[in-house]
Amino acid sequence: MTCRASLLLATLVGVLVTGCSSGPDKPATLPPLTPTPTPSATAVPADVPSPARVHDAFGAAAFVRFYYAQLNRAWSLPNDQLLVPLSDPECGTCKTYREAATTLMTASQRIRGDSIRIISAEAPPEENGVIAVDVIFDQLQRDVVNKADDVLQALPPDTGIHETVFVRRVPSGWVVRAVKEVKK
């Protein structure tokens, strides 16, 4: 898990704890915990664009761009299931991203707008079915809001974030295997 992913999850949990502690939106009881289905690392959803299914470096980079677009959707809708078919079950950062969406869903909150804007996503040739995609993105200014669209917290922007996203080839395209932050 990247430091940035840990920080985001901690920030969201802090917002949700303080944002849910008073007011009319406070739930009477928490919903029951239900087991999450085990993600399938081979079934890529139909909405993955065709360039992101191609088994070459360009396809891997296109898939990573799509993954981050889905991450934006997962937090803004929120919907914790959008990332499940796009990542390997063993990807710790991917799990943290899904947990952030789950936390938002549970609290009836969302992030208004996109969180991430990709600056570049480039990949070298494939090695043993895995490609390390070099990604640089900006974390945009965004707000955590409740159902009434009241701002609970403004999340600060950050620029020039550098990560390496390891993607693994599967029959229908790619899945994210791991995400590693590259230190500035």
# chains A, B, ... in the order shown; residues from 1 in each chain; ligands from 1
call {"tool": "residues_around", "arguments": {"residues": "range 174-184 of chain A", "least_positions_apart": "4", "cutoff": "9 Å", "atoms": "only C-alpha atoms", "output": "PyMOL selection string"}}
result
chain A and resi 1-4+41-42+44+52-55+59-60+63-64+67+85-94+130+160-170
call {"tool": "residues_around", "arguments": {"residues": "Ser76 in chain A", "least_positions_apart": "3", "cutoff": "12 Å", "atoms": "only C-alpha atoms", "output": "list in words"}}
result
Ala69, Gln70, Leu71, Asn72, Arg73, Asn79, Asp80, Leu82, Ala100, Ala101, Thr102, Leu104, Met105, Ser108, Gln109, Arg110, Ile111, Arg112, Gly113, Asp114, Ser115, Ile116, Arg142, Asp143, Val144, Val145, Asn146, Lys147 and Asp149 of chain A
call {"tool": "closest_residue", "arguments": {"among": "A:Thr103, A:Gln81, A:Thr159, A:Ser120", "to": "Ala62 in chain A", "atoms": "only C-alpha atoms"}}
result
A:Ser120
call {"tool": "atom_distance", "arguments": {"atom1": "CA of Ser50 in chain A", "atom2": "CA of Arg65 in chain A"}}
result
12.7 Å
